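Q: This is input-v5.cif, which holds mmCIF, C-alpha atoms:
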data_entry
loop_
_atom_site.label_atom_id
_atom_site.label_comp_id
_atom_site.auth_asym_id
_atom_site.auth_seq_id
_atom_site.Cartn_x
_atom_site.Cartn_y
_atom_site.Cartn_z
CA MET A 1 6.81 -3.62 -30.99
CA PHE A 2 6.53 -0.55 -33.19
CA TYR A 3 2.81 -0.24 -32.53
CA PHE A 4 3.35 -0.48 -28.77
CA LEU A 5 6.01 2.25 -28.82
CA ALA A 6 3.98 4.43 -31.18
CA ALA A 7 0.89 4.13 -28.98
CA LEU A 8 3.02 5.02 -25.95
CA ALA A 9 4.50 8.08 -27.70
CA VAL A 10 1.13 9.34 -28.94
CA GLY A 11 -0.56 8.73 -25.58
CA PHE A 12 2.13 10.59 -23.67
CA SER A 13 2.06 13.46 -26.21
CA ILE A 14 -1.68 13.83 -25.67
CA MET A 15 -1.02 13.84 -21.91
CA VAL A 16 1.53 16.67 -22.35
CA VAL A 17 -1.08 18.81 -24.05
CA ILE A 18 -4.22 18.09 -22.03
CA THR A 19 -3.10 17.54 -18.44
CA ARG A 20 -3.92 20.23 -15.89
CA ILE A 21 -0.78 20.15 -13.74
CA PRO A 22 2.42 21.39 -15.46
CA VAL A 23 4.63 18.90 -13.59
CA HIS A 24 2.57 16.05 -15.04
CA SER A 25 3.11 17.62 -18.46
CA ALA A 26 6.87 17.63 -17.96
CA LEU A 27 6.89 13.99 -16.81
CA SER A 28 4.73 12.97 -19.77
CA LEU A 29 7.20 14.78 -22.01
CA GLY A 30 9.85 12.51 -20.50
CA GLY A 31 7.69 9.52 -21.44
CA VAL A 32 7.39 10.75 -25.02
CA LEU A 33 11.14 11.28 -25.28
CA ILE A 34 11.98 7.82 -23.94
CA SER A 35 9.45 6.20 -26.32
CA ILE A 36 10.99 8.09 -29.24
CA ALA A 37 14.45 6.96 -28.13
CA ALA A 38 13.19 3.36 -28.30
CA ILE A 39 11.72 4.07 -31.75
CA PHE A 40 15.17 5.27 -32.84
CA ILE A 41 16.56 1.88 -31.77
CA THR A 42 14.02 0.14 -34.02
CA LEU A 43 15.41 2.34 -36.81
CA GLU A 44 18.99 1.20 -36.06
CA ALA A 45 20.03 4.65 -34.85
CA GLU A 46 21.59 3.61 -31.54
CA PHE A 47 23.80 6.67 -31.20
CA LEU A 48 20.89 9.04 -31.69
CA SER A 49 18.86 7.06 -29.18
CA ALA A 50 21.56 7.49 -26.55
CA VAL A 51 21.87 11.19 -27.37
CA GLN A 52 18.10 11.53 -27.11
CA ILE A 53 18.09 10.03 -23.61
CA LEU A 54 21.11 12.05 -22.44
CA VAL A 55 20.23 15.45 -23.89
CA TYR A 56 16.44 15.43 -23.89
CA VAL A 57 15.55 13.38 -20.83
CA GLY A 58 18.66 14.17 -18.81
CA GLY A 59 18.95 17.80 -19.85
CA ILE A 60 15.88 19.46 -21.27
CA MET A 61 13.19 17.65 -19.27
CA VAL A 62 15.09 18.13 -16.00
CA LEU A 63 15.52 21.81 -16.90
CA PHE A 64 11.75 22.11 -17.37
CA LEU A 65 11.18 20.42 -14.02
CA PHE A 66 13.68 22.77 -12.34
CA VAL A 67 11.89 25.84 -13.70
CA LEU A 68 8.50 24.43 -12.66
CA MET A 69 9.78 23.82 -9.14
CA LEU A 70 11.35 27.30 -8.96
CA PHE A 71 7.97 28.97 -9.22
CA SER A 72 5.42 28.61 -6.48
CA ILE A 73 2.57 26.35 -7.50
CA GLU A 74 -0.23 28.69 -6.36
CA LYS A 75 0.84 31.35 -8.80
CA TRP A 76 0.09 29.10 -11.77
CA GLY A 77 -3.53 30.10 -11.27
CA GLY A 78 -6.32 27.58 -11.49
CA ALA A 79 -8.21 29.80 -13.94
CA ALA A 80 -8.71 29.03 -17.59
CA LEU A 81 -6.39 26.34 -18.88
CA HIS A 82 -6.68 27.31 -22.53
CA THR A 83 -6.60 30.47 -24.56
CA ARG A 84 -9.94 31.91 -25.59
CA THR A 85 -9.55 30.73 -29.17
CA TRP A 86 -8.82 27.10 -28.28
CA LYS A 87 -11.72 25.62 -30.23
CA THR A 88 -10.52 27.24 -33.45
CA ALA A 89 -6.99 26.11 -32.65
CA VAL A 90 -8.03 22.47 -32.14
CA ALA A 91 -10.00 22.58 -35.40
CA LEU A 92 -6.93 23.97 -37.17
CA GLY A 93 -4.76 21.26 -35.64
CA VAL A 94 -7.13 18.52 -36.80
CA VAL A 95 -7.18 20.00 -40.29
CA LEU A 96 -3.37 20.10 -40.26
CA ALA A 97 -3.22 16.46 -39.16
CA GLY A 98 -5.65 15.53 -41.93
CA GLU A 99 -3.54 17.32 -44.51
CA LEU A 100 -0.29 15.73 -43.33
CA LEU A 101 -1.78 12.24 -43.27
CA PHE A 102 -3.40 12.78 -46.67
CA PHE A 103 -0.11 13.72 -48.27
CA VAL A 104 1.78 10.94 -46.53
CA TRP A 105 -0.89 8.60 -47.89
CA LYS A 106 -0.69 10.07 -51.39
CA GLY A 107 3.09 10.04 -51.36
CA ILE A 108 3.40 6.29 -50.79
CA THR A 109 5.58 4.94 -53.54
CA PRO A 110 6.22 1.25 -52.93
CA SER A 111 9.45 1.23 -54.90
CA LEU A 112 11.64 3.96 -53.46
CA PRO A 113 15.28 3.35 -54.36
CA GLN A 114 17.16 1.38 -51.77
CA ILE A 115 20.72 2.64 -51.64
CA ALA A 116 23.29 0.08 -50.68
CA THR A 117 24.98 0.39 -47.31
CA PRO A 118 28.49 1.82 -47.65
CA ALA A 119 30.87 -0.98 -46.87
CA GLY A 120 33.59 -0.84 -44.30
CA LEU A 121 31.65 1.05 -41.67
CA GLY A 122 31.17 -0.97 -38.54
CA GLY A 123 28.30 0.01 -36.29
CA ASN A 124 26.09 3.04 -36.15
CA ILE A 125 28.34 5.05 -33.83
CA GLU A 126 31.38 4.76 -36.11
CA ALA A 127 29.29 5.79 -39.11
CA MET A 128 27.99 8.77 -37.15
CA GLY A 129 31.52 9.72 -36.24
CA TRP A 130 32.61 9.67 -39.89
CA ALA A 131 29.59 11.72 -40.92
CA LEU A 132 29.95 14.33 -38.17
CA TYR A 133 33.72 14.79 -38.18
CA GLN A 134 34.40 14.49 -41.90
CA ARG A 135 31.51 15.68 -44.02
CA TYR A 136 29.77 17.88 -41.49
CA LEU A 137 32.69 19.31 -39.56
CA LEU A 138 31.78 22.94 -40.25
CA PRO A 139 28.11 22.61 -39.16
CA PHE A 140 29.42 20.76 -36.11
CA GLU A 141 31.63 23.72 -35.17
CA VAL A 142 28.82 26.18 -35.87
CA ALA A 143 26.59 24.15 -33.54
CA SER A 144 29.17 24.52 -30.77
CA VAL A 145 29.21 28.30 -31.31
CA LEU A 146 25.41 28.26 -31.14
CA LEU A 147 25.56 26.47 -27.79
CA LEU A 148 28.08 29.02 -26.51
CA VAL A 149 25.76 31.86 -27.53
CA ALA A 150 22.86 30.06 -25.84
CA ILE A 151 24.84 29.74 -22.59
CA ILE A 152 25.70 33.45 -22.62
CA GLY A 153 22.14 34.39 -23.47
CA ALA A 154 20.65 32.23 -20.73
CA VAL A 155 23.00 33.74 -18.14
CA LEU A 156 22.17 37.27 -19.34
CA PHE A 157 18.43 36.65 -19.21
CA THR A 158 18.39 35.23 -15.73
CA ARG A 159 20.61 37.85 -14.08
CA LYS A 160 19.03 39.50 -11.06
CA GLN A 161 19.53 43.09 -12.17
CA ILE A 162 19.22 44.03 -15.81
CA PRO A 163 21.16 47.28 -16.35
CA LYS A 164 19.11 50.15 -17.69
CA ASP A 165 21.47 52.29 -19.75
CA ASN A 166 19.11 53.37 -22.50
CA GLY A 167 17.73 56.29 -20.50
CA MET B 1 5.99 -5.32 -41.88
CA ILE B 2 6.74 -1.83 -40.63
CA THR B 3 7.51 0.57 -43.47
CA THR B 4 8.74 4.13 -43.55
CA THR B 5 5.14 5.24 -43.99
CA HIS B 6 4.30 3.99 -40.49
CA TYR B 7 6.97 6.27 -39.08
CA LEU B 8 5.75 9.18 -41.21
CA VAL B 9 2.20 8.71 -39.90
CA LEU B 10 3.42 8.57 -36.29
CA SER B 11 5.50 11.69 -36.89
CA ALA B 12 2.54 13.54 -38.45
CA ILE B 13 0.33 12.66 -35.47
CA ILE B 14 2.87 13.83 -32.88
CA PHE B 15 3.55 16.99 -34.91
CA SER B 16 -0.16 17.83 -34.98
CA ILE B 17 -0.52 17.21 -31.24
CA GLY B 18 2.40 19.58 -30.72
CA VAL B 19 0.81 22.25 -32.90
CA ILE B 20 -2.48 21.93 -31.02
CA GLY B 21 -0.56 22.30 -27.75
CA VAL B 22 1.22 25.44 -28.95
CA LEU B 23 -2.04 27.00 -30.10
CA THR B 24 -4.32 26.10 -27.19
CA ARG B 25 -2.41 26.20 -23.91
CA ARG B 26 -2.08 29.39 -21.86
CA ASN B 27 0.93 28.25 -19.85
CA VAL B 28 4.08 29.32 -21.67
CA LEU B 29 6.06 26.36 -20.30
CA ILE B 30 3.66 23.89 -21.86
CA VAL B 31 3.91 25.83 -25.12
CA LEU B 32 7.68 25.26 -24.95
CA MET B 33 7.14 21.55 -24.26
CA SER B 34 4.85 21.33 -27.29
CA ILE B 35 7.62 22.86 -29.40
CA GLU B 36 9.88 20.05 -28.18
CA LEU B 37 7.21 17.58 -29.34
CA ILE B 38 7.24 19.17 -32.80
CA MET B 39 11.03 18.91 -33.05
CA ASN B 40 10.89 15.26 -31.99
CA ALA B 41 8.33 14.53 -34.70
CA VAL B 42 10.69 16.05 -37.26
CA ASN B 43 13.54 13.92 -35.90
CA ILE B 44 11.49 10.74 -36.33
CA ASN B 45 10.97 11.65 -39.98
CA MET B 46 14.65 12.26 -40.57
CA VAL B 47 15.81 9.08 -38.87
CA ALA B 48 13.16 7.05 -40.73
CA PHE B 49 14.37 8.35 -44.09
CA SER B 50 17.98 7.88 -43.01
CA HIS B 51 17.13 4.23 -42.34
CA GLN B 52 15.31 3.84 -45.63
CA PHE B 53 18.07 5.31 -47.79
CA LYS B 54 20.92 3.87 -45.67
CA ASP B 55 22.42 7.35 -45.53
CA MET B 56 23.87 9.04 -42.47
CA VAL B 57 22.76 12.56 -43.49
CA GLY B 58 19.40 12.22 -41.77
CA GLN B 59 20.91 11.16 -38.48
CA ALA B 60 23.60 13.86 -38.62
CA PHE B 61 20.88 16.45 -39.22
CA ALA B 62 18.87 15.04 -36.31
CA VAL B 63 21.88 15.58 -34.04
CA PHE B 64 21.92 19.24 -35.09
CA VAL B 65 18.17 19.50 -34.47
CA ILE B 66 18.73 18.16 -30.95
CA THR B 67 21.48 20.77 -30.45
CA VAL B 68 19.19 23.57 -31.55
CA ALA B 69 16.40 22.21 -29.34
CA ALA B 70 18.70 22.24 -26.31
CA ALA B 71 19.76 25.83 -27.01
CA GLU B 72 16.15 26.83 -27.57
CA ALA B 73 15.03 25.23 -24.31
CA ALA B 74 17.78 26.98 -22.34
CA ILE B 75 17.04 30.40 -23.85
CA GLY B 76 13.27 29.91 -23.68
CA LEU B 77 13.34 28.95 -20.02
CA GLY B 78 15.66 31.90 -19.32
CA ILE B 79 13.12 34.20 -20.94
CA VAL B 80 10.32 32.58 -18.91
CA ILE B 81 12.21 33.17 -15.66
CA ALA B 82 12.93 36.80 -16.54
CA LEU B 83 9.31 37.26 -17.56
CA PHE B 84 7.98 35.72 -14.35
CA ARG B 85 10.25 37.98 -12.33
CA ASN B 86 9.05 41.13 -14.11
CA ARG B 87 5.41 40.44 -14.90
CA GLU B 88 4.41 37.73 -12.37
CA THR B 89 2.68 35.74 -15.10
CA VAL B 90 3.33 32.72 -17.28
CA HIS B 91 0.17 32.99 -19.35
CA VAL B 92 0.65 33.79 -23.00
CA ASP B 93 -2.51 35.90 -23.27
CA GLU B 94 -1.36 38.21 -20.46
CA ILE B 95 1.94 38.92 -22.19
CA ASP B 96 0.74 41.74 -24.44
CA LEU B 97 3.39 44.45 -24.15
CA LEU B 98 3.63 44.75 -27.93
CA LYS B 99 -0.11 45.03 -28.40
CA GLY B 100 -0.15 48.79 -27.85
#
Hey, can you dump this file as structure tokens for me?
A:
Amino acid sequence: MFYFLAALAVGFSIMVVITRIPVHSALSLGGVLISIAAIFITLEAEFLSAVQILVYVGGIMVLFLFVLMLFSIEKWGGAALHTRTWKTAVALGVVLAGELLFFVWKGITPSLPQIATPAGLGGNIEAMGWALYQRYLLPFEVASVLLLVAIIGAVLFTRKQIPKDNG
Amino acid sequence: MITTTHYLVLSAIIFSIGVIGVLTRRNVLIVLMSIELIMNAVNINMVAFSHQFKDMVGQAFAVFVITVAAAEAAIGLGIVIALFRNRETVHVDEIDLLKG
């Protein structure tokens, strides 16, 4: 099951990067996100999986699709798909992948400490609730302020007329 | 037997694909999508370690990463729309106002 989901996620990620039409990229991104949500279920993180579907697929991917549909397709330009330095960039990416995999490989320690599950916590969602509202209440509130700032910023950026008061 | 290492390898592969996407594509929207890929790779790592150590910290942190990703997507797409309105381009190599 894991291998199937992993292959799906990697295949869709490659599609995001190589496909020619941006809408296909956005839909492949949706595929990646759903596969990763399923991978979260295999890791017993049901709450995070639901959040992943709701926020990423329902919010971010649809937002990308909206923006793609807002612009006229012809203006995307059928010219060069990649930047001029793309060969160097791909080489760098492969080197980075090699490094990451090398250190993951080197870092395998078969006997990492297994910490016992804290008793008395039913289900993943209840545990998440305790973590978010007890230990991490302040970061939680800061995150809400961040979202507020993001809303204001997005509205400011997309206003029709940007006032010019700096002479 | 699927171990944490499997998840780390998957995460490293998706992260690298995301980096390649950021570096190679001209379309700024696809660059933003590749950044989402990178953040998802990081989330896989955190949830995998959270599962291994039976600790909720990783999952709580992943929730915050998702929050930041949502804010980043909203702001990034706002910037793209403003940019398209002013410059009529979405290609990263034509956005060179700061080049002088």
Q: Using the chain letters and numbers from the file, give me the residues hit by the PyMOL selection byres ((chain A) within 6 of (chain B)), as a list of chain:residue names.
A: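 Checked against the file, the PyMOL selection byres ((chain A) within 6 of (chain B)) matches A:Val17, A:His82, A:Thr83, A:Trp86, A:Ala89, A:Val90, A:Gly93, A:Ala97, A:Gln114, A:Ile115, A:Thr117, A:Leu147, A:Ala150, A:Ala154, A:Phe157, A:Thr158.
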Q: In terms of the shortest atom-to-atom distance over only C-alpha atoms, which of A:Ser144, A:Glu99, A:Val10, A:Phe47 is closest to A:Gly129?
A: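 For A:Gly129, the nearest of the candidates is A:Phe47.
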Q: What is the distance, in Å and to one decimal place, between atom CA of A:Val142 and atom CA of A:Ile53?
A: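 That distance, rounded to one decimal, is 22.9 Å.
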Q: Of the candidates A:Leu29, A:Leu101, A:Thr85, A:Glu44, which one gets nearest to A:Gly58 if we count only C-alpha atoms?
A: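 Once distances to A:Gly58 are computed over only C-alpha atoms, the minimum belongs to A:Leu29.
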Q: Taking all atoms of stretch 41-47 of chain B that the file lists and extending 8 Å past them on each side, where is the centre of the axis-aligned box and how long are its edges? Answer in Å to one decimal, as lines of an AutoDock Vina configuration file.
A:
center_x = 12.1
center_y = 12.6
center_z = -37.6
size_x = 23.5
size_y = 23.0
size_z = 21.9
Q: If you keep C-alpha atoms, can you output stretch 135-155 of chain A as an mmCIF file, in the first residue's frame?
A:
data_model
loop_
_atom_site.group_PDB
_atom_site.id
_atom_site.type_symbol
_atom_site.label_atom_id
_atom_site.label_comp_id
_atom_site.auth_asym_id
_atom_site.auth_seq_id
_atom_site.Cartn_x
_atom_site.Cartn_y
_atom_site.Cartn_z
ATOM 1 C CA ARG A 135 0.852 23.046 24.910
ATOM 2 C CA TYR A 136 0.786 25.048 21.714
ATOM 3 C CA LEU A 137 -1.913 27.593 22.450
ATOM 4 C CA LEU A 138 0.329 30.615 21.847
ATOM 5 C CA PRO A 139 1.637 29.421 18.439
ATOM 6 C CA PHE A 140 -1.969 28.617 17.579
ATOM 7 C CA GLU A 141 -3.021 32.212 18.281
ATOM 8 C CA VAL A 142 -0.006 33.571 16.407
ATOM 9 C CA ALA A 143 -1.020 31.427 13.423
ATOM 10 C CA SER A 144 -4.467 33.025 13.460
ATOM 11 C CA VAL A 145 -2.871 36.489 13.445
ATOM 12 C CA LEU A 146 -0.701 35.366 10.522
ATOM 13 C CA LEU A 147 -3.815 34.331 8.606
ATOM 14 C CA LEU A 148 -5.431 37.694 9.346
ATOM 15 C CA VAL A 149 -2.361 39.499 8.005
ATOM 16 C CA ALA A 150 -2.427 37.256 4.930
ATOM 17 C CA ILE A 151 -6.090 38.118 4.277
ATOM 18 C CA ILE A 152 -5.380 41.849 4.542
ATOM 19 C CA GLY A 153 -2.295 41.533 2.366
ATOM 20 C CA ALA A 154 -4.095 39.560 -0.331
ATOM 21 C CA VAL A 155 -6.905 42.131 -0.461
#
